[in-house]
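*Asks:* Starting off with a structure, shown below.
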Amino acid sequence: EFPAGDEGYHTYGELTEVLEQAVADHGDIASLSSVGDSHEGRALHLIKISDNVAQDEDEPEVLFTCNQHAREHLTTEMCLRIVERFTDEYGSDPTVTELVDSREIYVIPTVNPDGAEYDIEGGRYKGWRKNRQDSGTDLNRNWGYEWGCCGGSSGSPSSETYRGPSAFSAPETTAVASFVDSRVVGGAQQITAHIDFHSYSELVLWPYGYTYDDSNDTMSPEEAKRFQEVGEALAASNGYTPQQSSDLYITDGSINDWMWAEHGILSLTFEMYPAGGGGLDGFYPPDERIEPETQRNDEAVEILLTEAGNQA
Ligand SMILES: NS(=O)(=O)N[C@@H](CCC(=O)O)C(=O)O
Ligand SMILES: [Ca+2]
Ligand SMILES: [Ca+2]
Ligand SMILES: [Zn+2]
């Protein structure tokens, strides 16, 4: 459980209840399933929000993933905010209603439930980042595009950026990737846009992370320009700083690089609050920050959902 004073954060059990309640209350527009199990056997919950939710309709599909990194608990709350807003405000907020009626929204509130639960075990924060396989794999270095190519991860199991023994060696990345693969229908990937939420630094990041090149043979200058324009619009809405991932540091095996290169998905990373501080404390904002810092991204979520309907 979370330390005293931080009860506003959701444990895995609590978030499971929230998702089940959302579906119970809004069964016409929300359904709950799972993309698979974590290493320790926790269901990786997948919630779908859309009108006629039981039908696979021909509407742009958008994915939000959170908590790849265990200690980044604010991101789990970000995904729960999306679930709450797009179910509770359906029928009352015109923008929410329009987006739920014209998109299929997928949310995975925690990609790394084992790590998140370990991080808070005994009511003490451990600063844990990775999953709970062996000495831990950094899930955001375990994706299969340019895995381990470029010095953007570590081959040492004890490292915080350990890439794993092979691409997709983690059940969690494998499960999410398999779900995305399954959204290729009639030869076309139905998911057109994605945000992976992290903390912290208040940044909007776009691929590639594995190379400093702005564009190359798998991302044309026009496609790179679209990432930059969308990234800048998102950052203008929440006050984060927009930049290409590799401007921060080289990362290889990241989710964004895979989502773009393998599926052409407009895939970005948000680094949430706080902006700086530099230490472990930045991963643990007091729970009073949850509401303001998740609602700070409401407009960005709307922008991405809208952009998902635009052609590349
Ligand atoms: N959330 S974080 O680990 O501090 N930063 C992310 C940045 C992700 C990226 O650059 O694409 C990472 O290194 O995986
Ligand atoms: Ca629909
Ligand atoms: Ca569809
Ligand atoms: Zn992270």
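Lettering and numbering for the structure tokens are positional, with chains as A, B, ... in the shown order, residues counted from 1 in each chain, and ligands counted from 1 in the shown order.
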Give the residues close to ligand 3, within 9 Å, counting only C-alpha atoms and all ligand atoms; write them as a ChimeraX atom specification.

*Replies:* /A:55-61,103-104,183,185,190-191

*Asks:* Return as a PyMOL selection string the residues of protein, DNA or RNA that approach ligand 1 to within 10 Å, with only C-alpha atoms and all ligand atoms taken into account.

*Replies:* chain A and resi 67-72+75+129-130+138-141+152-153+160-161+196-201+203-210+243-257+267-272+283

*Asks:* Could you save the residues just selected, with C-alpha atoms, as a PDB file, in the first residue's frame?

*Replies:*
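As written to disk, out.pdb reads:
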ATOM      1  CA  ASN A  67       3.216   2.868 -15.706  1.00  0.00           C
ATOM      2  CA  GLN A  68       5.805   1.022 -17.797  1.00  0.00           C
ATOM      3  CA  HIS A  69       8.109   2.277 -15.052  1.00  0.00           C
ATOM      4  CA  ALA A  70       7.052   1.070 -11.627  1.00  0.00           C
ATOM      5  CA  ARG A  71       7.787   4.172  -9.517  1.00  0.00           C
ATOM      6  CA  GLU A  72       6.019   6.515 -11.967  1.00  0.00           C
ATOM      7  CA  THR A  75       1.057   8.030 -14.767  1.00  0.00           C
ATOM      8  CA  ARG A 129      11.778   1.234 -12.060  1.00  0.00           C
ATOM      9  CA  LYS A 130      11.878  -2.135 -13.808  1.00  0.00           C
ATOM     10  CA  ASP A 138      13.466  -1.975 -18.087  1.00  0.00           C
ATOM     11  CA  LEU A 139      10.300  -2.430 -20.110  1.00  0.00           C
ATOM     12  CA  ASN A 140      11.020   0.714 -22.117  1.00  0.00           C
ATOM     13  CA  ARG A 141      14.225  -0.839 -23.467  1.00  0.00           C
ATOM     14  CA  GLY A 152      20.618   3.484 -25.439  1.00  0.00           C
ATOM     15  CA  SER A 153      20.221   0.649 -22.917  1.00  0.00           C
ATOM     16  CA  GLU A 160      18.254   0.411 -14.308  1.00  0.00           C
ATOM     17  CA  THR A 161      18.102   0.336 -18.119  1.00  0.00           C
ATOM     18  CA  ASP A 196       2.938   6.422 -23.307  1.00  0.00           C
ATOM     19  CA  PHE A 197       2.898   8.290 -19.983  1.00  0.00           C
ATOM     20  CA  HIS A 198       6.016   8.550 -17.857  1.00  0.00           C
ATOM     21  CA  SER A 199       7.304  10.818 -15.135  1.00  0.00           C
ATOM     22  CA  TYR A 200       9.048  13.109 -14.608  1.00  0.00           C
ATOM     23  CA  SER A 201      10.420  16.293 -16.347  1.00  0.00           C
ATOM     24  CA  LEU A 203       8.286  16.854 -21.640  1.00  0.00           C
ATOM     25  CA  VAL A 204       6.486  15.794 -24.828  1.00  0.00           C
ATOM     26  CA  LEU A 205       8.744  13.372 -26.707  1.00  0.00           C
ATOM     27  CA  TRP A 206       8.462  11.874 -30.162  1.00  0.00           C
ATOM     28  CA  PRO A 207      10.530   9.207 -32.001  1.00  0.00           C
ATOM     29  CA  TYR A 208      13.099   8.316 -32.809  1.00  0.00           C
ATOM     30  CA  GLY A 209      14.984   7.676 -29.607  1.00  0.00           C
ATOM     31  CA  TYR A 210      17.554   5.253 -31.048  1.00  0.00           C
ATOM     32  CA  GLN A 243      11.477  17.583 -28.280  1.00  0.00           C
ATOM     33  CA  GLN A 244      12.572  14.470 -30.120  1.00  0.00           C
ATOM     34  CA  SER A 245      13.334  11.664 -27.681  1.00  0.00           C
ATOM     35  CA  SER A 246      16.987  11.422 -28.690  1.00  0.00           C
ATOM     36  CA  ASP A 247      17.476  15.146 -27.923  1.00  0.00           C
ATOM     37  CA  LEU A 248      17.099  14.001 -24.300  1.00  0.00           C
ATOM     38  CA  TYR A 249      19.354  10.943 -24.561  1.00  0.00           C
ATOM     39  CA  ILE A 250      19.584   7.946 -26.874  1.00  0.00           C
ATOM     40  CA  THR A 251      17.160   5.161 -25.936  1.00  0.00           C
ATOM     41  CA  ASP A 252      16.917   1.896 -27.843  1.00  0.00           C
ATOM     42  CA  GLY A 253      14.104  -0.643 -27.579  1.00  0.00           C
ATOM     43  CA  SER A 254      11.567   2.025 -26.583  1.00  0.00           C
ATOM     44  CA  ILE A 255       7.830   1.765 -27.105  1.00  0.00           C
ATOM     45  CA  ASN A 256       7.563   4.837 -29.335  1.00  0.00           C
ATOM     46  CA  ASP A 257      10.199   3.614 -31.816  1.00  0.00           C
ATOM     47  CA  SER A 267       3.323   7.471 -30.839  1.00  0.00           C
ATOM     48  CA  LEU A 268       4.623   9.937 -28.248  1.00  0.00           C
ATOM     49  CA  THR A 269       5.850   9.908 -24.674  1.00  0.00           C
ATOM     50  CA  PHE A 270       4.722  12.398 -22.024  1.00  0.00           C
ATOM     51  CA  GLU A 271       7.012  12.971 -19.056  1.00  0.00           C
ATOM     52  CA  MET A 272       4.682  14.348 -16.384  1.00  0.00           C
ATOM     53  CA  PHE A 283       8.697  10.309  -8.730  1.00  0.00           C
TER      54      PHE A 283
END

*Asks:* Quick one: residues within 7 Å of stretch 33-48 of chain A, only C-alpha atoms counted, chain neighbours fewer than 3 positions away excluded, as a list in words?

*Replies:*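 Within the cut-off, the hits are Ala30, Glu104, Ile105, Tyr106, Val107, Ile108, Pro109, Thr110, Val111, Pro113, Asp114, Arg132, Gln133, Pro171, Glu172, Ala175, Val176 and Phe179 of chain A.
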
*Asks:* Which chains and residue numbers are within 6 Å of ligand 2, counting only C-alpha atoms and all ligand atoms, if I want them as a PDB file with N, CA and C atoms, in the first residue's frame?

*Replies:*
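Printed below is pocket-v6.pdb as written:
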ATOM      1  N   SER A  50     -15.985   3.541 -26.154  1.00  0.00           N
ATOM      2  CA  SER A  50     -16.513   3.967 -27.451  1.00  0.00           C
ATOM      3  C   SER A  50     -18.022   3.730 -27.454  1.00  0.00           C
ATOM      4  N   ASP A  51     -18.743   4.431 -28.302  1.00  0.00           N
ATOM      5  CA  ASP A  51     -20.163   4.092 -28.484  1.00  0.00           C
ATOM      6  C   ASP A  51     -20.213   2.711 -29.139  1.00  0.00           C
ATOM      7  N   ASN A  52     -21.324   1.998 -28.915  1.00  0.00           N
ATOM      8  CA  ASN A  52     -21.429   0.623 -29.436  1.00  0.00           C
ATOM      9  C   ASN A  52     -20.169  -0.163 -29.107  1.00  0.00           C
ATOM     10  N   VAL A  53     -19.761  -0.123 -27.842  1.00  0.00           N
ATOM     11  CA  VAL A  53     -18.428  -0.589 -27.447  1.00  0.00           C
ATOM     12  C   VAL A  53     -18.197  -2.070 -27.789  1.00  0.00           C
ATOM     13  N   GLU A  57     -16.049  -0.943 -34.642  1.00  0.00           N
ATOM     14  CA  GLU A  57     -16.534  -0.026 -35.664  1.00  0.00           C
ATOM     15  C   GLU A  57     -15.371   0.588 -36.431  1.00  0.00           C
ATOM     16  N   ASP A 101     -17.973   9.019 -29.387  1.00  0.00           N
ATOM     17  CA  ASP A 101     -18.819   8.553 -30.495  1.00  0.00           C
ATOM     18  C   ASP A 101     -18.038   8.330 -31.785  1.00  0.00           C
ATOM     19  N   GLU A 104     -12.363   4.882 -31.064  1.00  0.00           N
ATOM     20  CA  GLU A 104     -12.310   3.730 -30.145  1.00  0.00           C
ATOM     21  C   GLU A 104     -11.075   3.955 -29.295  1.00  0.00           C
TER      22      GLU A 104
END

*Asks:* From a DSSP calculation on the backbone, collect every residue of stretch 39-263 of chain A in strand (DSSP E) and output the set as a PyMOL selection string.

*Replies:* chain A and resi 43-49+61-66+104-108+184-185+188-189+191-199+203-206+241-244

*Asks:* With only C-alpha atoms as the basis for distance, which of A:Thr76, A:Thr65, A:Ser215, A:Ser31 is at the shortest distance from A:Glu14?

*Replies:*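 Closest to A:Glu14, using only C-alpha atoms: A:Thr76.
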
*Asks:* Quick check, in Å to one decimal: how far apart do atom CA of A:Arg289 and atom CA of A:Ser92 lie?

*Replies:*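 Separating atom CA of A:Arg289 from atom CA of A:Ser92 is a distance of 25.8 Å.
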
*Asks:* Counting only C-alpha atoms, what is within 9 Å of stretch 166-169 of chain A, bar same-chain residues fewer than 6 positions away, as a PyMOL selection string?

*Replies:* chain A and resi 137+139+141-145+147-148+177+253

*Asks:* Enumerate as an NGL selection string all residues of stretch 136-300 of chain A assigned to alpha helix (DSSP H) by DSSP on the backbone, naming them with the chain letters and numbers the document uses.

*Replies:* :A and (171-182 or 221-238 or 245-248 or 255-263 or 290-295 or 298-300)

*Asks:* Write the residues of the preceding selection, restricted to C-alpha atoms, as a PDB file, in the first residue's frame.

*Replies:*
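Saved the output as part.pdb:
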ATOM      1  CA  PRO A 171       5.711 -10.813 -20.727  1.00  0.00           C
ATOM      2  CA  GLU A 172       4.427  -7.281 -20.248  1.00  0.00           C
ATOM      3  CA  THR A 173       5.910  -5.772 -23.438  1.00  0.00           C
ATOM      4  CA  THR A 174       4.988  -8.956 -25.301  1.00  0.00           C
ATOM      5  CA  ALA A 175       1.354  -8.697 -24.191  1.00  0.00           C
ATOM      6  CA  VAL A 176       0.973  -5.042 -25.180  1.00  0.00           C
ATOM      7  CA  ALA A 177       2.750  -5.597 -28.510  1.00  0.00           C
ATOM      8  CA  SER A 178       0.543  -8.605 -29.266  1.00  0.00           C
ATOM      9  CA  PHE A 179      -2.541  -6.500 -28.623  1.00  0.00           C
ATOM     10  CA  VAL A 180      -1.292  -3.824 -31.037  1.00  0.00           C
ATOM     11  CA  ASP A 181      -0.414  -6.506 -33.599  1.00  0.00           C
ATOM     12  CA  SER A 182      -3.985  -7.800 -33.249  1.00  0.00           C
ATOM     13  CA  PRO A 221      10.913  14.482 -43.353  1.00  0.00           C
ATOM     14  CA  GLU A 222       7.165  15.028 -43.765  1.00  0.00           C
ATOM     15  CA  GLU A 223       6.377  12.399 -41.136  1.00  0.00           C
ATOM     16  CA  ALA A 224       9.001  13.886 -38.806  1.00  0.00           C
ATOM     17  CA  LYS A 225       7.459  17.307 -39.369  1.00  0.00           C
ATOM     18  CA  ARG A 226       4.035  15.969 -38.383  1.00  0.00           C
ATOM     19  CA  PHE A 227       5.449  14.528 -35.161  1.00  0.00           C
ATOM     20  CA  GLN A 228       7.023  17.897 -34.381  1.00  0.00           C
ATOM     21  CA  GLU A 229       3.874  19.878 -35.140  1.00  0.00           C
ATOM     22  CA  VAL A 230       1.629  17.582 -33.122  1.00  0.00           C
ATOM     23  CA  GLY A 231       4.225  17.447 -30.317  1.00  0.00           C
ATOM     24  CA  GLU A 232       4.394  21.222 -30.197  1.00  0.00           C
ATOM     25  CA  ALA A 233       0.599  21.552 -30.144  1.00  0.00           C
ATOM     26  CA  LEU A 234       0.383  19.053 -27.280  1.00  0.00           C
ATOM     27  CA  ALA A 235       3.104  20.871 -25.339  1.00  0.00           C
ATOM     28  CA  ALA A 236       1.401  24.230 -25.910  1.00  0.00           C
ATOM     29  CA  SER A 237      -1.675  22.815 -24.172  1.00  0.00           C
ATOM     30  CA  ASN A 238       0.056  21.546 -21.008  1.00  0.00           C
ATOM     31  CA  SER A 245      13.334  11.664 -27.681  1.00  0.00           C
ATOM     32  CA  SER A 246      16.987  11.422 -28.690  1.00  0.00           C
ATOM     33  CA  ASP A 247      17.476  15.146 -27.923  1.00  0.00           C
ATOM     34  CA  LEU A 248      17.099  14.001 -24.300  1.00  0.00           C
ATOM     35  CA  ILE A 255       7.830   1.765 -27.105  1.00  0.00           C
ATOM     36  CA  ASN A 256       7.563   4.837 -29.335  1.00  0.00           C
ATOM     37  CA  ASP A 257      10.199   3.614 -31.816  1.00  0.00           C
ATOM     38  CA  TRP A 258       8.425   0.258 -32.133  1.00  0.00           C
ATOM     39  CA  MET A 259       4.930   1.739 -32.454  1.00  0.00           C
ATOM     40  CA  TRP A 260       6.066   4.009 -35.278  1.00  0.00           C
ATOM     41  CA  ALA A 261       8.459   1.744 -37.161  1.00  0.00           C
ATOM     42  CA  GLU A 262       6.394  -1.434 -36.955  1.00  0.00           C
ATOM     43  CA  HIS A 263       2.892   0.031 -37.206  1.00  0.00           C
ATOM     44  CA  ILE A 290      -2.830  13.992  -8.692  1.00  0.00           C
ATOM     45  CA  GLU A 291      -5.940  15.933  -9.695  1.00  0.00           C
ATOM     46  CA  PRO A 292      -4.256  19.091 -11.028  1.00  0.00           C
ATOM     47  CA  GLU A 293      -1.436  17.281 -12.787  1.00  0.00           C
ATOM     48  CA  THR A 294      -3.689  14.726 -14.506  1.00  0.00           C
ATOM     49  CA  GLN A 295      -6.325  17.293 -15.502  1.00  0.00           C
ATOM     50  CA  ASP A 298      -7.142  16.844 -20.524  1.00  0.00           C
ATOM     51  CA  GLU A 299      -6.695  19.145 -23.526  1.00  0.00           C
ATOM     52  CA  ALA A 300      -3.659  17.229 -24.818  1.00  0.00           C
TER      53      ALA A 300
END

*Asks:* Determine the nearest neighbour of A:His73 from the options A:Gly136, A:Pro165, A:Pro285, A:Gly277, counting only C-alpha atoms.

*Replies:* A:Pro285

*Asks:* If we count only C-alpha atoms, what is near stretch 4-11 of chain A at a cut-off of 8 Å, once residues fewer than 2 positions away on the same chain are taken out, given as an NGL selection string?

*Replies:* :A and (1-2 or 13-15 or 73-74 or 76-77 or 117 or 123 or 286-288 or 290)
